[in-house]
Each structure stands twice: as C-alpha cells, then as structure tokens.
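Enquirer: Got a structure here, written out as structure tokens. Questions coming.
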Amino acid sequence: MLKILSEEIKLVTKYIYDISGIYLDESKKYLLETRLNAIADEHGCVSYQDLYKKSKADATKAIERKIIDAISTNETLFFRDTGPFQLLQHKIFPELIDARASKASALKTNLKVWSAASSTGQELYSVAILLQELLGDLSKYSIKLLGTDISDAAIAQASSGKFNKFEIERGLSRDKLTKYFTPSGQTWKINDLTRSMVKFQKFNLMQPFTGLGKFDVVLCRNVAIYFTLEDRKKLFNKIADILEPDGYLLIGSTESLTGICPRFIPKRHLRSIFYQLH
Amino acid sequence: MNTMTILVADDDPVIRNLFERRLKNAGYEVTVAVDGTEAARLLDATIFDVVITDLVMPGQIGGIELLKIAKEKSVDIDVIVITAHSSVDTAVDAMKKGAVDYLEKPINFDELFLRLDKIAEVKAMLKNAGDLREAMNVTELSASQTIQDLEIVNGNQRNLLDRLDAILSDPRAAEHKRIEQALRLLATR
C-alpha cells in the first residue's frame, strides 16, 4: 500500500475538507491510506501529492468524485437504531398528521422529510416503509421524501434501490423484507411503490440551502461528527432555517447540539431525543 | 485444531467412507448421509458449519436442492458441491445459487483441506466482526444515554437562565422586586 508522507497529510486533508467539508485531523493517516490507496493506484500516482495534483488538474472532476466516494462511505443500516424510528412512528408522524390534517383547506395532508446524509438510502427507505405501515392508504397524503448525499456512488446505489444480502439482512425483519423487496439475482430490490415515494440527489451540506424548500422532519444523523465545530454551527443554523416552525430534527444518538445551535430545544420522548425550534 | 462440524452427502459408499475417514483424521466432526433425503433430515435436527454434497444423487433431493435447504436453514452454513469433471457448468450454477466452492472428482483432499481452512478463517472473521459490532452497540447505547441526559439537563438550565434573564431585565418592575422574583424562581426549581 502506498504510504502517505507526513508532509502530504496536511495537503490531502485540506483538499478533502475543501471538496467535501469532511474534516480529518492528522491522526487519520491510516484512514487516508486505506481509502485513497486504490484511487492513487488506478491513476498511476507515485505519491498522494501526485494524486492531489492530478485530481486538481482533472477538469472532469472524476478523481475528485472518487475521493469523495471513498472518504464519505460509512456504514448505514435499515432501521439503524430503533429509537428514531419508534419516535417517528409513535410521536412525530402522528403529531404532524394531526397538525397538518386540521388545515381543511388542503386536500391532501402534506409531509416533507429530508434525510440530509442519506448515504445508500437505507434510512429514507426505512421512513418510506414506516409511512406505508402507519398510513395504509397513501392517496390522502402528499409525501415528499428527499435523500441527499455528497457521494455520487452512494446516490447511485440509493437510486437503484438494490441491496446485497449483507446490507439487507441486518435490521430488516423477514416479513418486511418479503413485503417491500423482491429478490433480483444476488441482490434485493425495493418495490416500485416504495421507490416511487423517495427521491435522491447529490448535495453538499456546506452549500447554501436555497431551493430545497421547507421540511417537517429533518434527519441529520451521524454526519456532523465529521465537520469542524464552526461548520456544525453553520449546518444546524441552516437546518433551523428550512425546518417548519413545528418541525422536528433528529440527530445521531451520540450527537449533541449543546454549544452548537441554541435555536433548537432538546425534547425527550420515551428513550429518544428530538429537537424543535424555540 | 479443526473444530468445524461437517455433513457429507454422497450416495457412493466408497467416496462416503473415504470422506468420513479423511475428515475425521484431520480432526473434523463428521456426519455422513447416504442421500439428499437423509442429509435434509439431519440438517433439520442439527446445525452444521459445512455441508459437502454430491450434485447428483438418487431420490427427490439432489445436491442443488440440498444446497437450497441448507441455505434456508441458515445462511451461515457453507456448502461445497462435488461434481464430475464433465459438469463444471452445473457447479458454477450451484455457486451462483450460494455454494461457497466446488470440488471435482476424483477428490483431491489436500485441496479440500485448504478450502476448509479458508472457510474456518472467514467464519472466525465474521464472528469477530459480529462481536466487535456487539461491543460497539453496547458502548454506543451507553454513550447515547449519557449524552441525551446531559442534553436535556442542559436544555432545562438554559431555559431557566432565559427566564431569569427575562425577570431580571424587566424594566417595569423595581429592582428589588426583580431580584425577589428571580430568587423565588430559583427556590421553586
């Protein structure tokens, strides 16, 4: 494996920060090597500085995209931690539907959910499955489920709706698996109805949030941990801007907004925490 | 030390006995079945780490059917199929259906032992990954409870400070009244 030199670490981590907002400190040497080695190899680079130069010079940005894919790949599961999904099922969606349905002027009840770092889509598909289980007949609802991620590869896999047996076996019960997926060769494919409920697009959370619209629920779990404190502050401020006044924010179960965004108040339901605006 | 349990299904008594003897000598725990039907019955009653099956056997249950039964019983069971030299295509088909490997007749036992070592290695790694995941989940759960408790406590404190601030900076009340009210709020907390 191509070794990264100590003088290259700063250069490469700075570059990764610039293109993705992901902040890696110098202790992540091993991670840089294991994630970037194959790309350096593929492009015949003799060093990581060489890879940096080639990526910067590449007008098609193909190398840049590969680096983002490699660095941002993280584990994601269907119904990862049961807490947030129980919260959505028993508290957040019922309350939202009550609140939205009372506005008699609207023909359909609107529900807008954003999975801000959707990775390969498991979280958002889990929400789509949950809504089908909870609501039954979806024709009375106008549901917008948006998943965004910085990685092209993650968006492509999420959009395909296909998962291998390792990605699918953990977290999903057998009856949900057979109800919402069909086997397709060695993989499982999400059914058409569930696929049609969700939309995935590439998005960098460092960008302004203009054009995204407003959301009733924002899931931003286990992504801000890769950002600097300053960038976390900016991120949750922007989320506060695009959340409906009575909307809900869910973050990862080991994350905290203390000292990051005073516009959010933590609230507890059962054994989980959610955030609402002041 | 070979600790895996192996089920061998082959209708040829000579091959069956050879498997039994060689695998036992190598330290594996071996059970043999005379055909697919008996193998399926054994699979129903016991968990095996590895199933070695001939692809062509008389009766209702051939090698492919046995592979399916084993995989339905548990995805963790690794199935090696045995095939005649002339029917490698069938073996490849079996691998597409979930077999971990195939062996051609006549059986080269050195080759089989190498593959069994690899299977044992992968099984050990999967178990290790599972143990690590379990440990991570426990740590994450405990950390999340602590963090969430702190988050709520902090939210309450902030709320209290906001209320104190509102009381103390109320221009309509006299200073001593504000202080009195603030102290009362702190006392009733």
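Chain labels A, B, ... are given in the sequence in which chains occur in the structure tokens; within each chain residues are numbered consecutively from 1, and ligands are likewise numbered from 1 in the order shown.
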Pull the alpha helix (DSSP H) assignments for region 194-256 of chain A out of DSSP run on the backbone, and list those residues as a list of chain:residue names.

Expert: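 Output for region 194-256 of chain A, alpha helix (DSSP H) only: A:Thr194, A:Arg195, A:Ser196, A:Met197, A:Leu229, A:Glu230, A:Asp231, A:Arg232, A:Lys233, A:Lys234, A:Leu235, A:Phe236, A:Asn237, A:Lys238, A:Ile239, A:Ala240, A:Asp241, A:Ile242.
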
Enquirer: Could you write out that same residue set with N, CA, C and O atoms as a short mmCIF file (atom, residue, chain, number, x, y, z; two decimals), in the first residue's frame?

Expert:
data_model
loop_
_atom_site.label_atom_id
_atom_site.label_comp_id
_atom_site.auth_asym_id
_atom_site.auth_seq_id
_atom_site.Cartn_x
_atom_site.Cartn_y
_atom_site.Cartn_z
N THR A 194 -42.52 1.81 -3.03
CA THR A 194 -41.60 2.43 -2.07
C THR A 194 -40.56 3.28 -2.80
O THR A 194 -40.24 4.39 -2.38
N ARG A 195 -40.07 2.75 -3.93
CA ARG A 195 -39.08 3.51 -4.70
C ARG A 195 -39.67 4.83 -5.19
O ARG A 195 -38.98 5.86 -5.19
N SER A 196 -40.95 4.79 -5.59
CA SER A 196 -41.56 5.99 -6.16
C SER A 196 -41.83 7.07 -5.09
O SER A 196 -42.06 8.22 -5.40
N MET A 197 -41.78 6.69 -3.83
CA MET A 197 -42.03 7.66 -2.76
C MET A 197 -40.82 8.54 -2.47
O MET A 197 -40.94 9.58 -1.86
N LEU A 229 -16.29 22.29 14.39
CA LEU A 229 -17.30 22.93 15.23
C LEU A 229 -17.96 24.10 14.49
O LEU A 229 -19.19 24.26 14.51
N GLU A 230 -17.15 24.92 13.83
CA GLU A 230 -17.68 26.07 13.09
C GLU A 230 -18.66 25.62 12.01
O GLU A 230 -19.73 26.20 11.84
N ASP A 231 -18.30 24.56 11.27
CA ASP A 231 -19.17 24.08 10.20
C ASP A 231 -20.43 23.44 10.75
O ASP A 231 -21.50 23.51 10.14
N ARG A 232 -20.32 22.82 11.93
CA ARG A 232 -21.52 22.26 12.57
C ARG A 232 -22.50 23.37 12.91
O ARG A 232 -23.70 23.25 12.71
N LYS A 233 -21.96 24.47 13.45
CA LYS A 233 -22.81 25.61 13.81
C LYS A 233 -23.55 26.12 12.58
O LYS A 233 -24.76 26.35 12.62
N LYS A 234 -22.81 26.27 11.48
CA LYS A 234 -23.42 26.77 10.24
C LYS A 234 -24.49 25.79 9.74
O LYS A 234 -25.57 26.18 9.33
N LEU A 235 -24.14 24.50 9.79
CA LEU A 235 -25.05 23.47 9.28
C LEU A 235 -26.39 23.50 10.04
O LEU A 235 -27.46 23.55 9.42
N PHE A 236 -26.33 23.48 11.39
CA PHE A 236 -27.59 23.39 12.13
C PHE A 236 -28.38 24.71 12.07
O PHE A 236 -29.59 24.70 12.17
N ASN A 237 -27.68 25.81 11.87
CA ASN A 237 -28.36 27.07 11.63
C ASN A 237 -29.15 27.04 10.33
O ASN A 237 -30.29 27.50 10.26
N LYS A 238 -28.53 26.49 9.30
CA LYS A 238 -29.22 26.38 8.01
C LYS A 238 -30.40 25.42 8.11
O LYS A 238 -31.44 25.63 7.50
N ILE A 239 -30.22 24.35 8.89
CA ILE A 239 -31.33 23.40 9.08
C ILE A 239 -32.47 24.10 9.80
O ILE A 239 -33.65 23.95 9.43
N ALA A 240 -32.14 24.92 10.82
CA ALA A 240 -33.18 25.66 11.54
C ALA A 240 -33.95 26.56 10.56
O ALA A 240 -35.17 26.72 10.69
N ASP A 241 -33.26 27.11 9.58
CA ASP A 241 -33.91 27.99 8.60
C ASP A 241 -34.92 27.26 7.71
O ASP A 241 -35.91 27.84 7.30
N ILE A 242 -34.64 25.99 7.40
CA ILE A 242 -35.51 25.31 6.44
C ILE A 242 -36.50 24.35 7.13
O ILE A 242 -37.26 23.65 6.47
#

Enquirer: Each residue of chain A lying at most 10 Å from chain B should get a row with its shortest atom-to-atom pair and the distance in Å to one decimal, counting only C-alpha atoms; could you produce that, ordered by chain and increasing number, as a tab-separated table?

Expert:
residue	atom	partner	partner_atom	distance
A:Asp81	CA	B:Leu141	CA	9.1
A:Lys165	CA	B:Val75	CA	9.8
A:Gly185	CA	B:Lys96	CA	8.7
A:Gln186	CA	B:Lys96	CA	8.0
A:Gly252	CA	B:Ser144	CA	8.6
A:Ser253	CA	B:Ser144	CA	5.1
A:Thr254	CA	B:Ser144	CA	4.3
A:Glu255	CA	B:Ile147	CA	7.3
A:Ser256	CA	B:Glu151	CA	6.7
A:Leu257	CA	B:Glu151	CA	7.7
A:Thr258	CA	B:Glu151	CA	6.7
A:Gly259	CA	B:Asn154	CA	9.9
A:Pro262	CA	B:Arg158	CA	9.0
A:Phe264	CA	B:Gly155	CA	9.2
A:Ile265	CA	B:Gly155	CA	6.4
A:Pro266	CA	B:Ile152	CA	6.0
A:Lys267	CA	B:Ile152	CA	6.8
A:Arg268	CA	B:Ile152	CA	7.5
A:Arg271	CA	B:Gln145	CA	8.1
A:Ser272	CA	B:Gln148	CA	7.7
A:Ile273	CA	B:Gln148	CA	6.6
A:Phe274	CA	B:Gln148	CA	9.7

Enquirer: Could you pull out the strand (DSSP E or B) residues of region 19-207 of chain A from DSSP and send them as a compact mmCIF listing (two decimals) with C-alpha atoms, in the first residue's frame?

Expert:
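This is the output file states25.txt:
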# COMPACT_ATOMS: atom_id res chain seq x y z
CA THR A 109 -52.04 16.13 4.02
CA ASN A 110 -48.50 17.26 3.32
CA LEU A 111 -45.49 15.52 4.78
CA LYS A 112 -41.96 16.53 3.88
CA VAL A 113 -38.98 14.59 5.17
CA TRP A 114 -35.32 15.20 4.39
CA SER A 115 -32.58 12.66 5.02
CA TYR A 141 -51.27 12.27 1.54
CA SER A 142 -48.79 14.26 -0.42
CA ILE A 143 -45.47 12.84 0.71
CA LYS A 144 -42.10 14.24 -0.22
CA LEU A 145 -39.13 12.17 0.89
CA LEU A 146 -35.78 13.64 -0.15
CA GLY A 147 -32.43 12.00 0.39
CA THR A 148 -29.19 13.86 -0.29
CA ASP A 149 -25.58 12.84 -0.03
CA LYS A 162 -30.76 -2.58 -4.79
CA PHE A 163 -29.03 -4.00 -1.74
CA ASN A 164 -26.87 -7.06 -1.22
CA PHE A 181 -38.33 -6.18 -1.57
CA THR A 182 -38.04 -8.65 -4.42
CA PRO A 183 -35.01 -10.85 -4.95
CA SER A 184 -33.13 -9.94 -8.12
CA THR A 187 -29.45 -8.70 -4.59
CA TRP A 188 -32.76 -7.48 -3.20
CA LYS A 189 -34.62 -4.68 -4.93
CA ILE A 190 -37.02 -2.28 -3.21
CA VAL A 198 -38.41 8.77 -2.46
CA LYS A 199 -36.05 11.00 -4.39
CA PHE A 200 -32.28 11.11 -4.12
CA GLN A 201 -29.93 13.87 -5.26
CA LYS A 202 -26.35 14.88 -4.76

Enquirer: Just checking: using only C-alpha atoms, which residue out of A:Ile150, A:Ala158, A:Leu2, A:Leu24 ends up closest to Asp69 (chain A)?

Expert: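 When distances to Asp69 (chain A) are compared using only C-alpha atoms, the smallest one comes from A:Ile150.
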
Enquirer: If we count only C-alpha atoms, what is near Arg41 (chain B) at a cut-off of 12 Å, once residues fewer than 5 positions away on the same chain are taken out, given as a VMD selection string?

Expert: chain B and resid 7 9 32 to 36 46 to 47 61 66 69 to 70 73

Enquirer: Emit the selected residues as a short mmCIF file (atom, residue, chain, number, x, y, z; two decimals), in the first residue's frame, including N, CA and C atoms.

Expert:
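File produced: result.cif:
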data_model
loop_
_atom_site.label_atom_id
_atom_site.label_comp_id
_atom_site.auth_asym_id
_atom_site.auth_seq_id
_atom_site.Cartn_x
_atom_site.Cartn_y
_atom_site.Cartn_z
N LEU B 7 -21.20 -32.07 7.38
CA LEU B 7 -22.14 -33.09 6.91
C LEU B 7 -21.76 -33.45 5.47
N ALA B 9 -22.87 -35.60 2.12
CA ALA B 9 -23.94 -36.36 1.47
C ALA B 9 -23.43 -36.90 0.14
N VAL B 32 -22.25 -38.50 8.08
CA VAL B 32 -22.46 -38.82 6.66
C VAL B 32 -23.92 -39.17 6.41
N ALA B 33 -24.37 -38.90 5.20
CA ALA B 33 -25.74 -39.22 4.78
C ALA B 33 -25.67 -39.96 3.45
N VAL B 34 -26.54 -40.97 3.29
CA VAL B 34 -26.48 -41.82 2.09
C VAL B 34 -27.12 -41.16 0.88
N ASP B 35 -27.96 -40.16 1.13
CA ASP B 35 -28.55 -39.41 0.01
C ASP B 35 -29.05 -38.04 0.49
N GLY B 36 -29.65 -37.28 -0.43
CA GLY B 36 -30.12 -35.94 -0.10
C GLY B 36 -31.21 -35.94 0.95
N THR B 46 -29.88 -30.83 13.26
CA THR B 46 -28.59 -30.36 13.79
C THR B 46 -28.07 -29.20 12.96
N ILE B 47 -27.29 -28.35 13.58
CA ILE B 47 -26.61 -27.28 12.85
C ILE B 47 -25.22 -27.77 12.44
N ILE B 61 -34.21 -35.37 -3.51
CA ILE B 61 -33.34 -34.26 -3.16
C ILE B 61 -31.93 -34.47 -3.70
N LEU B 66 -30.46 -29.75 -1.95
CA LEU B 66 -29.89 -29.78 -0.59
C LEU B 66 -29.23 -28.43 -0.25
N ILE B 69 -31.95 -26.12 0.71
CA ILE B 69 -32.46 -26.44 2.06
C ILE B 69 -31.49 -25.94 3.13
N ALA B 70 -30.18 -26.15 2.89
CA ALA B 70 -29.17 -25.73 3.87
C ALA B 70 -29.17 -24.22 4.03
N LYS B 73 -32.11 -22.99 5.91
CA LYS B 73 -31.94 -23.29 7.34
C LYS B 73 -31.06 -22.21 7.99
#

Enquirer: For Asp10 (chain B), work out the shell of residues within 10 Å, counting only C-alpha atoms and skipping chain neighbours fewer than 5 positions away, then give it as a list in words.

Expert: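 So the residues in contact are Ile15, Arg16, Asn17, Phe19, Val32, Ala33, Val34, Asp35, Gly36, Ala39, Ile52, Thr53, Asp54, Leu55, Val56, Met57, Pro58, Gly62, Gly63 and Ile82 of chain B.
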
Enquirer: Would you mind listing what lies within 12 Å of Lys54 (chain A) as a PyMOL selection string, with only C-alpha atoms counted and same-chain residues fewer than 2 positions away left out?

Expert: chain A and resi 39-40+42-52+56-64+67

Enquirer: Just N, CA, C and O atoms for this one: save the residues we selected as a PDB file, in the first residue's frame.

Expert:
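Final output, result04.pdb:
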ATOM      1  N   ILE A  39      -7.395   4.477  -5.398  1.00  0.00           N
ATOM      2  CA  ILE A  39      -7.559   5.538  -6.395  1.00  0.00           C
ATOM      3  C   ILE A  39      -6.187   5.989  -6.910  1.00  0.00           C
ATOM      4  O   ILE A  39      -6.002   6.195  -8.112  1.00  0.00           O
ATOM      5  N   ALA A  40      -5.233   6.113  -5.983  1.00  0.00           N
ATOM      6  CA  ALA A  40      -3.877   6.501  -6.366  1.00  0.00           C
ATOM      7  C   ALA A  40      -3.293   5.468  -7.333  1.00  0.00           C
ATOM      8  O   ALA A  40      -2.706   5.813  -8.356  1.00  0.00           O
ATOM      9  N   GLU A  42      -4.979   3.305  -9.256  1.00  0.00           N
ATOM     10  CA  GLU A  42      -5.728   3.308 -10.510  1.00  0.00           C
ATOM     11  C   GLU A  42      -5.240   4.412 -11.454  1.00  0.00           C
ATOM     12  O   GLU A  42      -5.218   4.238 -12.671  1.00  0.00           O
ATOM     13  N   HIS A  43      -4.842   5.545 -10.894  1.00  0.00           N
ATOM     14  CA  HIS A  43      -4.413   6.658 -11.733  1.00  0.00           C
ATOM     15  C   HIS A  43      -2.893   6.752 -11.846  1.00  0.00           C
ATOM     16  O   HIS A  43      -2.365   7.788 -12.272  1.00  0.00           O
ATOM     17  N   GLY A  44      -2.225   5.677 -11.455  1.00  0.00           N
ATOM     18  CA  GLY A  44      -0.767   5.595 -11.602  1.00  0.00           C
ATOM     19  C   GLY A  44      -0.009   6.655 -10.836  1.00  0.00           C
ATOM     20  O   GLY A  44       0.996   7.175 -11.319  1.00  0.00           O
ATOM     21  N   CYS A  45      -0.502   7.018  -9.658  1.00  0.00           N
ATOM     22  CA  CYS A  45       0.161   8.069  -8.881  1.00  0.00           C
ATOM     23  C   CYS A  45       1.323   7.482  -8.088  1.00  0.00           C
ATOM     24  O   CYS A  45       1.200   6.408  -7.511  1.00  0.00           O
ATOM     25  N   VAL A  46       2.416   8.227  -8.037  1.00  0.00           N
ATOM     26  CA  VAL A  46       3.583   7.753  -7.298  1.00  0.00           C
ATOM     27  C   VAL A  46       3.549   8.217  -5.841  1.00  0.00           C
ATOM     28  O   VAL A  46       4.304   7.740  -5.003  1.00  0.00           O
ATOM     29  N   SER A  47       2.661   9.170  -5.543  1.00  0.00           N
ATOM     30  CA  SER A  47       2.535   9.670  -4.175  1.00  0.00           C
ATOM     31  C   SER A  47       1.136  10.273  -4.011  1.00  0.00           C
ATOM     32  O   SER A  47       0.403  10.440  -4.988  1.00  0.00           O
ATOM     33  N   TYR A  48       0.799  10.608  -2.770  1.00  0.00           N
ATOM     34  CA  TYR A  48      -0.506  11.236  -2.553  1.00  0.00           C
ATOM     35  C   TYR A  48      -0.515  12.682  -3.025  1.00  0.00           C
ATOM     36  O   TYR A  48      -1.561  13.217  -3.402  1.00  0.00           O
ATOM     37  N   GLN A  49       0.667  13.287  -3.045  1.00  0.00           N
ATOM     38  CA  GLN A  49       0.764  14.637  -3.599  1.00  0.00           C
ATOM     39  C   GLN A  49       0.465  14.599  -5.100  1.00  0.00           C
ATOM     40  O   GLN A  49      -0.215  15.486  -5.636  1.00  0.00           O
ATOM     41  N   ASP A  50       0.960  13.546  -5.729  1.00  0.00           N
ATOM     42  CA  ASP A  50       0.705  13.318  -7.144  1.00  0.00           C
ATOM     43  C   ASP A  50      -0.805  13.155  -7.387  1.00  0.00           C
ATOM     44  O   ASP A  50      -1.376  13.750  -8.313  1.00  0.00           O
ATOM     45  N   LEU A  51      -1.459  12.388  -6.521  1.00  0.00           N
ATOM     46  CA  LEU A  51      -2.903  12.191  -6.636  1.00  0.00           C
ATOM     47  C   LEU A  51      -3.632  13.531  -6.488  1.00  0.00           C
ATOM     48  O   LEU A  51      -4.545  13.853  -7.262  1.00  0.00           O
ATOM     49  N   TYR A  52      -3.190  14.323  -5.526  1.00  0.00           N
ATOM     50  CA  TYR A  52      -3.773  15.649  -5.294  1.00  0.00           C
ATOM     51  C   TYR A  52      -3.657  16.507  -6.545  1.00  0.00           C
ATOM     52  O   TYR A  52      -4.632  17.121  -6.987  1.00  0.00           O
ATOM     53  N   LYS A  56      -6.732  17.825  -8.905  1.00  0.00           N
ATOM     54  CA  LYS A  56      -6.970  19.260  -9.101  1.00  0.00           C
ATOM     55  C   LYS A  56      -6.962  19.623 -10.589  1.00  0.00           C
ATOM     56  O   LYS A  56      -7.705  20.496 -11.030  1.00  0.00           O
ATOM     57  N   ALA A  57      -6.097  18.931 -11.358  1.00  0.00           N
ATOM     58  CA  ALA A  57      -5.963  19.251 -12.773  1.00  0.00           C
ATOM     59  C   ALA A  57      -7.058  18.612 -13.627  1.00  0.00           C
ATOM     60  O   ALA A  57      -7.244  18.977 -14.780  1.00  0.00           O
ATOM     61  N   ASP A  58      -7.796  17.684 -13.045  1.00  0.00           N
ATOM     62  CA  ASP A  58      -8.795  16.938 -13.816  1.00  0.00           C
ATOM     63  C   ASP A  58     -10.088  17.750 -13.979  1.00  0.00           C
ATOM     64  O   ASP A  58     -10.868  17.911 -13.040  1.00  0.00           O
ATOM     65  N   ALA A  59     -10.276  18.260 -15.191  1.00  0.00           N
ATOM     66  CA  ALA A  59     -11.427  19.132 -15.440  1.00  0.00           C
ATOM     67  C   ALA A  59     -12.758  18.380 -15.334  1.00  0.00           C
ATOM     68  O   ALA A  59     -13.794  18.975 -15.040  1.00  0.00           O
ATOM     69  N   THR A  60     -12.745  17.069 -15.554  1.00  0.00           N
ATOM     70  CA  THR A  60     -13.999  16.307 -15.480  1.00  0.00           C
ATOM     71  C   THR A  60     -14.398  16.051 -14.021  1.00  0.00           C
ATOM     72  O   THR A  60     -15.496  15.603 -13.741  1.00  0.00           O
ATOM     73  N   LYS A  61     -13.478  16.301 -13.110  1.00  0.00           N
ATOM     74  CA  LYS A  61     -13.692  16.090 -11.670  1.00  0.00           C
ATOM     75  C   LYS A  61     -13.958  14.622 -11.310  1.00  0.00           C
ATOM     76  O   LYS A  61     -14.514  14.314 -10.259  1.00  0.00           O
ATOM     77  N   ALA A  62     -13.575  13.720 -12.203  1.00  0.00           N
ATOM     78  CA  ALA A  62     -13.818  12.298 -11.950  1.00  0.00           C
ATOM     79  C   ALA A  62     -13.030  11.804 -10.736  1.00  0.00           C
ATOM     80  O   ALA A  62     -13.559  11.058  -9.912  1.00  0.00           O
ATOM     81  N   ILE A  63     -11.775  12.245 -10.623  1.00  0.00           N
ATOM     82  CA  ILE A  63     -10.950  11.795  -9.487  1.00  0.00           C
ATOM     83  C   ILE A  63     -11.504  12.385  -8.181  1.00  0.00           C
ATOM     84  O   ILE A  63     -11.598  11.701  -7.171  1.00  0.00           O
ATOM     85  N   GLU A  64     -11.889  13.658  -8.260  1.00  0.00           N
ATOM     86  CA  GLU A  64     -12.463  14.317  -7.083  1.00  0.00           C
ATOM     87  C   GLU A  64     -13.683  13.539  -6.575  1.00  0.00           C
ATOM     88  O   GLU A  64     -13.834  13.304  -5.370  1.00  0.00           O
ATOM     89  N   ILE A  67     -12.630  10.395  -4.828  1.00  0.00           N
ATOM     90  CA  ILE A  67     -12.082  10.667  -3.492  1.00  0.00           C
ATOM     91  C   ILE A  67     -13.227  10.905  -2.498  1.00  0.00           C
ATOM     92  O   ILE A  67     -13.227  10.369  -1.390  1.00  0.00           O
TER      93      ILE A  67
END

Enquirer: Considering only C-alpha atoms, return as JSON, numbers by chain whatever protein or nucleic-acid residues lie within 12 Å of Phe113 (chain B), sequence-local ones (same chain, fewer than 3 positions apart) excluded.

Expert: {"B": [2, 4, 19, 22, 23, 24, 25, 26, 27, 28, 80, 103, 107, 108, 109, 110, 116, 117, 118, 119, 120]}

Enquirer: For CA of Thr210 (chain A) and CA of Lys14 (chain A), quote the distance in Å rounded to one decimal.

Expert: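 About the pair CA of Thr210 (chain A) and CA of Lys14 (chain A): they are 26.1 Å apart.
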